[in-house]
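Step one of this worksheet: look at the structure below.
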Amino acid sequence: MFNRPGVTFTQIWSDDDMVELRIEVTDGRSSFSNDIYVGHQHLRATISELNTFKTHIHGGLYELRFGEFGPEYASGALHARFHFQDRGVVFITVRSQSEFTDFGSKNVASEATLHLKTEPALLDNFIRELESVSGGSEEGAYLEAI
């Protein structure tokens with residue numbers, strides 16, 4: 001049985017410049033987890049951008065990007081597209097990629113695309129929790145899906 005649907009960010013390491021997050025995404029049937037390095041400044045900018053996005057309830061779009069896809073980049077990647085399509089519903093498409101590892105004669109990474117929906121109030125909760133992670137007072141943030 002998978003966890004409840006949503007996206008969970010858990011801090012697993014941090015220094016003065018970066019934070020390593022374990023990002024777990026589940027739609028209730030499928031699940032994917034990866035670890036991603038994010039600069040503290042990039043994390044703070046993401047929080048600010050999410051705060052702006054949440055006010056664009058009439059067709060707003062936001063692309064959250066942590067890491068990049070491909071073997072030339074360190075650790076994993078997460079690209080999440082947030083879209084207000086219907087008033088009161090946020091549609092989220094999450095593409096994730098793990099770190100590349102040797103697999104026989106190849107260098108491969110696992111990947112997943114999951115589709116979730118959430119509500120503005122749940123997005124507000126997530127942003128507050130992410131601010132606490134960024135500030136160092138919490139170790140995790142959860143975006144509940146409906």
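Ordered as shown in the structure tokens, chains take letters A, B, and onward, while each chain numbers its residues from 1 and ligands are numbered from 1 in the order shown.
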
Inset, instruction - With a distance cut-off of 8 Å and only C-alpha atoms, select the neighbouring residues of stretch 103-117 of chain A, excluding the residue or stretch itself and same-chain residues fewer than 3 positions from it, and output the selection as a PyMOL selection string. - result: chain A and resi 5-6+25-27+30+32+71+89-100+145-146

Write out the residues from the selection above, keeping N, CA, C and O atoms, as a PDB file, in the first residue's frame.
```pdb
ATOM      1  N   PRO A   5      -1.791  10.111  -1.451  1.00  0.00           N
ATOM      2  CA  PRO A   5      -1.344  10.832  -2.652  1.00  0.00           C
ATOM      3  C   PRO A   5      -0.792  12.218  -2.323  1.00  0.00           C
ATOM      4  O   PRO A   5      -1.349  12.940  -1.498  1.00  0.00           O
ATOM      5  N   GLY A   6       0.299  12.554  -2.992  1.00  0.00           N
ATOM      6  CA  GLY A   6       0.891  13.865  -2.816  1.00  0.00           C
ATOM      7  C   GLY A   6       2.378  13.861  -3.107  1.00  0.00           C
ATOM      8  O   GLY A   6       2.932  12.893  -3.624  1.00  0.00           O
ATOM      9  N   VAL A  25       6.923  11.173  -4.643  1.00  0.00           N
ATOM     10  CA  VAL A  25       5.676  11.521  -5.323  1.00  0.00           C
ATOM     11  C   VAL A  25       4.847  10.251  -5.446  1.00  0.00           C
ATOM     12  O   VAL A  25       5.349   9.221  -5.875  1.00  0.00           O
ATOM     13  N   THR A  26       3.580  10.338  -5.069  1.00  0.00           N
ATOM     14  CA  THR A  26       2.691   9.201  -5.247  1.00  0.00           C
ATOM     15  C   THR A  26       1.302   9.689  -5.639  1.00  0.00           C
ATOM     16  O   THR A  26       0.840  10.722  -5.157  1.00  0.00           O
ATOM     17  N   ASP A  27       0.671   8.944  -6.531  1.00  0.00           N
ATOM     18  CA  ASP A  27      -0.708   9.246  -6.911  1.00  0.00           C
ATOM     19  C   ASP A  27      -1.676   8.277  -6.225  1.00  0.00           C
ATOM     20  O   ASP A  27      -2.856   8.236  -6.533  1.00  0.00           O
ATOM     21  N   SER A  30       0.882   4.588  -7.949  1.00  0.00           N
ATOM     22  CA  SER A  30       2.284   4.560  -8.355  1.00  0.00           C
ATOM     23  C   SER A  30       3.065   5.518  -7.478  1.00  0.00           C
ATOM     24  O   SER A  30       2.516   6.499  -6.977  1.00  0.00           O
ATOM     25  N   PHE A  32       7.264   7.277  -6.797  1.00  0.00           N
ATOM     26  CA  PHE A  32       8.639   7.455  -7.236  1.00  0.00           C
ATOM     27  C   PHE A  32       9.336   8.338  -6.223  1.00  0.00           C
ATOM     28  O   PHE A  32       8.755   9.304  -5.721  1.00  0.00           O
ATOM     29  N   PRO A  71      22.664  12.542 -17.924  1.00  0.00           N
ATOM     30  CA  PRO A  71      23.778  11.979 -17.163  1.00  0.00           C
ATOM     31  C   PRO A  71      24.867  12.990 -16.811  1.00  0.00           C
ATOM     32  O   PRO A  71      25.689  12.737 -15.936  1.00  0.00           O
ATOM     33  N   VAL A  89      -8.906  24.107  -8.419  1.00  0.00           N
ATOM     34  CA  VAL A  89      -8.163  22.867  -8.643  1.00  0.00           C
ATOM     35  C   VAL A  89      -6.815  23.211  -9.291  1.00  0.00           C
ATOM     36  O   VAL A  89      -6.765  23.941 -10.273  1.00  0.00           O
ATOM     37  N   VAL A  90      -5.749  22.660  -8.714  1.00  0.00           N
ATOM     38  CA  VAL A  90      -4.416  22.810  -9.284  1.00  0.00           C
ATOM     39  C   VAL A  90      -4.011  21.449  -9.841  1.00  0.00           C
ATOM     40  O   VAL A  90      -3.967  20.461  -9.102  1.00  0.00           O
ATOM     41  N   PHE A  91      -3.755  21.392 -11.137  1.00  0.00           N
ATOM     42  CA  PHE A  91      -3.286  20.173 -11.784  1.00  0.00           C
ATOM     43  C   PHE A  91      -1.761  20.195 -11.776  1.00  0.00           C
ATOM     44  O   PHE A  91      -1.152  21.227 -12.074  1.00  0.00           O
ATOM     45  N   ILE A  92      -1.154  19.056 -11.434  1.00  0.00           N
ATOM     46  CA  ILE A  92       0.300  18.983 -11.332  1.00  0.00           C
ATOM     47  C   ILE A  92       0.793  17.770 -12.111  1.00  0.00           C
ATOM     48  O   ILE A  92       0.340  16.653 -11.872  1.00  0.00           O
ATOM     49  N   THR A  93       1.704  18.001 -13.031  1.00  0.00           N
ATOM     50  CA  THR A  93       2.381  16.915 -13.730  1.00  0.00           C
ATOM     51  C   THR A  93       3.820  16.913 -13.237  1.00  0.00           C
ATOM     52  O   THR A  93       4.526  17.915 -13.361  1.00  0.00           O
ATOM     53  N   VAL A  94       4.234  15.796 -12.646  1.00  0.00           N
ATOM     54  CA  VAL A  94       5.562  15.685 -12.051  1.00  0.00           C
ATOM     55  C   VAL A  94       6.390  14.686 -12.853  1.00  0.00           C
ATOM     56  O   VAL A  94       6.001  13.533 -12.999  1.00  0.00           O
ATOM     57  N   ARG A  95       7.516  15.158 -13.380  1.00  0.00           N
ATOM     58  CA  ARG A  95       8.498  14.289 -14.033  1.00  0.00           C
ATOM     59  C   ARG A  95       9.707  14.211 -13.122  1.00  0.00           C
ATOM     60  O   ARG A  95      10.231  15.242 -12.686  1.00  0.00           O
ATOM     61  N   SER A  96      10.137  12.994 -12.817  1.00  0.00           N
ATOM     62  CA  SER A  96      11.267  12.790 -11.918  1.00  0.00           C
ATOM     63  C   SER A  96      12.273  11.847 -12.553  1.00  0.00           C
ATOM     64  O   SER A  96      11.905  10.940 -13.302  1.00  0.00           O
ATOM     65  N   GLN A  97      13.534  12.059 -12.199  1.00  0.00           N
ATOM     66  CA  GLN A  97      14.600  11.192 -12.675  1.00  0.00           C
ATOM     67  C   GLN A  97      15.573  10.968 -11.523  1.00  0.00           C
ATOM     68  O   GLN A  97      15.935  11.908 -10.810  1.00  0.00           O
ATOM     69  N   SER A  98      16.007   9.714 -11.359  1.00  0.00           N
ATOM     70  CA  SER A  98      16.980   9.390 -10.326  1.00  0.00           C
ATOM     71  C   SER A  98      18.386   9.752 -10.793  1.00  0.00           C
ATOM     72  O   SER A  98      18.598  10.144 -11.945  1.00  0.00           O
ATOM     73  N   GLU A  99      19.334   9.561  -9.912  1.00  0.00           N
ATOM     74  CA  GLU A  99      20.737   9.726 -10.274  1.00  0.00           C
ATOM     75  C   GLU A  99      21.130   8.613 -11.245  1.00  0.00           C
ATOM     76  O   GLU A  99      20.611   7.500 -11.166  1.00  0.00           O
ATOM     77  N   PHE A 100      22.034   8.907 -12.156  1.00  0.00           N
ATOM     78  CA  PHE A 100      22.508   7.900 -13.109  1.00  0.00           C
ATOM     79  C   PHE A 100      23.470   6.939 -12.414  1.00  0.00           C
ATOM     80  O   PHE A 100      24.279   7.352 -11.582  1.00  0.00           O
ATOM     81  N   ALA A 145      -2.446  15.682  -2.235  1.00  0.00           N
ATOM     82  CA  ALA A 145      -3.225  15.597  -3.469  1.00  0.00           C
ATOM     83  C   ALA A 145      -4.637  15.167  -3.131  1.00  0.00           C
ATOM     84  O   ALA A 145      -4.891  14.526  -2.108  1.00  0.00           O
ATOM     85  N   ILE A 146      -5.566  15.516  -4.031  1.00  0.00           N
ATOM     86  CA  ILE A 146      -6.971  15.131  -3.825  1.00  0.00           C
ATOM     87  C   ILE A 146      -7.366  14.079  -4.854  1.00  0.00           C
ATOM     88  O   ILE A 146      -6.712  13.884  -5.858  1.00  0.00           O
TER      89      ILE A 146
END
```

Inset, instruction - Identify, with DSSP run on backbone atoms, the residues in chain A assigned to helix (DSSP H, G or I), and express the list as number ranges by chain. - result: A: 40-53, 120-135

### Task
Might you pull out every residue within 9 Å of stretch 8-16 of chain A, with only C-alpha atoms counted and same-chain residues fewer than 6 positions away left off, and present them as a VMD selection string?
chain A and resid 22 to 26 35 40 130 133 138 to 144

Would you mind listing, for every residue of stretch 21-100 of chain A within 12 Å of stretch 122-125 of chain A, the two atoms forming the shortest contact and the distance between them in Å to one decimal, using only C-alpha atoms, sorted by chain and ascending residue number, as JSON lines?
```
{"residue": "A:Ile47", "atom": "CA", "partner": "A:Asp124", "partner_atom": "CA", "distance": 10.6}
{"residue": "A:Ser48", "atom": "CA", "partner": "A:Asp124", "partner_atom": "CA", "distance": 12.0}
{"residue": "A:Leu50", "atom": "CA", "partner": "A:Leu123", "partner_atom": "CA", "distance": 8.6}
{"residue": "A:Asn51", "atom": "CA", "partner": "A:Asp124", "partner_atom": "CA", "distance": 8.0}
{"residue": "A:Thr52", "atom": "CA", "partner": "A:Asp124", "partner_atom": "CA", "distance": 11.1}
{"residue": "A:Phe53", "atom": "CA", "partner": "A:Leu123", "partner_atom": "CA", "distance": 10.1}
{"residue": "A:Lys54", "atom": "CA", "partner": "A:Leu123", "partner_atom": "CA", "distance": 7.6}
{"residue": "A:Thr55", "atom": "CA", "partner": "A:Asp124", "partner_atom": "CA", "distance": 10.5}
{"residue": "A:Ile57", "atom": "CA", "partner": "A:Leu123", "partner_atom": "CA", "distance": 12.0}
{"residue": "A:Phe82", "atom": "CA", "partner": "A:Leu123", "partner_atom": "CA", "distance": 10.3}
{"residue": "A:His83", "atom": "CA", "partner": "A:Leu123", "partner_atom": "CA", "distance": 11.9}
{"residue": "A:Phe84", "atom": "CA", "partner": "A:Leu123", "partner_atom": "CA", "distance": 11.6}
{"residue": "A:Gly88", "atom": "CA", "partner": "A:Leu122", "partner_atom": "CA", "distance": 10.5}
{"residue": "A:Val89", "atom": "CA", "partner": "A:Leu123", "partner_atom": "CA", "distance": 10.1}
{"residue": "A:Val90", "atom": "CA", "partner": "A:Leu123", "partner_atom": "CA", "distance": 8.5}
{"residue": "A:Phe91", "atom": "CA", "partner": "A:Leu123", "partner_atom": "CA", "distance": 11.1}
{"residue": "A:Ile92", "atom": "CA", "partner": "A:Leu123", "partner_atom": "CA", "distance": 11.1}
```

- Neighbours of A:His42 within 12 Å (only C-alpha atoms; same-chain residues fewer than 5 positions away dropped), as an MDAnalysis selection string? chainID A and resid 17:19 37 47:49 64:67 134

Given the selection you just returned, output its residues as a file containing N, CA, C and O atoms, formatted as a compact mmCIF listing (two decimals), in the first residue's frame.
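Printed below is selection22.txt as written:
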```txt
# COMPACT_ATOMS: atom_id res chain seq x y z
N ASP A 17 25.59 26.13 1.52
CA ASP A 17 25.22 26.46 0.15
C ASP A 17 24.03 25.68 -0.39
O ASP A 17 23.26 26.19 -1.20
N MET A 18 23.91 24.40 0.03
CA MET A 18 22.93 23.52 -0.60
C MET A 18 22.16 22.72 0.44
O MET A 18 22.60 22.56 1.57
N VAL A 19 21.03 22.20 -0.04
CA VAL A 19 20.24 21.26 0.73
C VAL A 19 19.99 20.06 -0.18
O VAL A 19 19.83 20.21 -1.39
N TYR A 37 19.81 17.77 -5.15
CA TYR A 37 20.49 18.89 -4.51
C TYR A 37 19.89 20.19 -5.02
O TYR A 37 19.67 20.36 -6.21
N ILE A 47 10.00 29.24 -3.44
CA ILE A 47 8.93 29.57 -2.49
C ILE A 47 8.27 30.89 -2.89
O ILE A 47 7.04 31.00 -2.91
N SER A 48 9.07 31.87 -3.23
CA SER A 48 8.53 33.16 -3.67
C SER A 48 7.68 33.02 -4.93
O SER A 48 6.59 33.59 -5.04
N GLU A 49 8.17 32.23 -5.89
CA GLU A 49 7.43 32.02 -7.14
C GLU A 49 6.13 31.26 -6.90
O GLU A 49 5.10 31.56 -7.53
N LEU A 64 8.12 24.27 -11.69
CA LEU A 64 9.10 24.07 -10.64
C LEU A 64 10.18 23.14 -11.18
O LEU A 64 9.88 22.06 -11.69
N ARG A 65 11.44 23.58 -11.10
CA ARG A 65 12.54 22.79 -11.64
C ARG A 65 13.65 22.70 -10.60
O ARG A 65 14.24 23.71 -10.22
N PHE A 66 13.90 21.48 -10.15
CA PHE A 66 15.06 21.19 -9.31
C PHE A 66 15.90 20.18 -10.08
O PHE A 66 15.42 19.11 -10.44
N GLY A 67 17.13 20.52 -10.35
CA GLY A 67 18.01 19.64 -11.11
C GLY A 67 17.64 19.65 -12.58
O GLY A 67 16.68 20.28 -13.00
N SER A 134 13.14 25.55 4.41
CA SER A 134 14.16 26.49 3.95
C SER A 134 14.79 27.24 5.12
O SER A 134 15.99 27.48 5.14
```

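You will find atom CA of A:Val38 at 10.1 Å from atom CA of A:Ser75.
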
- prompt: So which residues of stretch 41-124 of chain A fall under strand (DSSP E or B) by DSSP, listed as a PyMOL selection string?
  reply: chain A and resi 61-66+77-86+89-97+101-103+106-108+111-118

Taking C-alpha atoms for each residue, export the selection above as an mmCIF file, in the first residue's frame.
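Result went into out.cif, see below:
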```
data_model
loop_
_atom_site.group_PDB
_atom_site.id
_atom_site.type_symbol
_atom_site.label_atom_id
_atom_site.label_comp_id
_atom_site.auth_asym_id
_atom_site.auth_seq_id
_atom_site.Cartn_x
_atom_site.Cartn_y
_atom_site.Cartn_z
ATOM 1 C CA LEU A 61 1.072 28.168 -14.837
ATOM 2 C CA TYR A 62 4.229 27.490 -12.866
ATOM 3 C CA GLU A 63 7.192 25.257 -13.705
ATOM 4 C CA LEU A 64 9.100 24.068 -10.640
ATOM 5 C CA ARG A 65 12.545 22.794 -11.639
ATOM 6 C CA PHE A 66 15.057 21.189 -9.308
ATOM 7 C CA ALA A 77 15.862 15.933 -11.332
ATOM 8 C CA LEU A 78 12.311 17.042 -10.650
ATOM 9 C CA HIS A 79 10.215 19.103 -13.032
ATOM 10 C CA ALA A 80 6.698 19.812 -11.822
ATOM 11 C CA ARG A 81 4.172 21.771 -13.903
ATOM 12 C CA PHE A 82 1.459 23.453 -11.808
ATOM 13 C CA HIS A 83 -1.627 24.617 -13.701
ATOM 14 C CA PHE A 84 -4.885 26.215 -12.573
ATOM 15 C CA GLN A 85 -7.310 24.848 -15.147
ATOM 16 C CA ASP A 86 -10.516 24.847 -13.117
ATOM 17 C CA VAL A 89 -8.163 22.867 -8.643
ATOM 18 C CA VAL A 90 -4.416 22.810 -9.284
ATOM 19 C CA PHE A 91 -3.286 20.173 -11.784
ATOM 20 C CA ILE A 92 0.300 18.983 -11.332
ATOM 21 C CA THR A 93 2.381 16.915 -13.730
ATOM 22 C CA VAL A 94 5.562 15.685 -12.051
ATOM 23 C CA ARG A 95 8.498 14.289 -14.033
ATOM 24 C CA SER A 96 11.267 12.790 -11.918
ATOM 25 C CA GLN A 97 14.600 11.192 -12.675
ATOM 26 C CA THR A 101 24.241 4.626 -12.234
ATOM 27 C CA ASP A 102 26.130 1.953 -14.113
ATOM 28 C CA PHE A 103 23.925 -0.828 -15.445
ATOM 29 C CA LYS A 106 25.246 1.481 -19.820
ATOM 30 C CA ASN A 107 24.787 4.455 -17.515
ATOM 31 C CA VAL A 108 21.050 4.715 -16.756
ATOM 32 C CA GLU A 111 12.261 7.982 -14.503
ATOM 33 C CA ALA A 112 8.578 8.510 -13.774
ATOM 34 C CA THR A 113 5.776 10.894 -14.715
ATOM 35 C CA LEU A 114 2.877 11.209 -12.280
ATOM 36 C CA HIS A 115 -0.265 13.334 -12.469
ATOM 37 C CA LEU A 116 -1.846 14.834 -9.358
ATOM 38 C CA LYS A 117 -4.495 17.363 -8.395
ATOM 39 C CA THR A 118 -4.575 19.564 -5.324
#
```

Atom pair atom CA of A:Gly60 + atom CA of A:Thr46, distance 15.5 Å
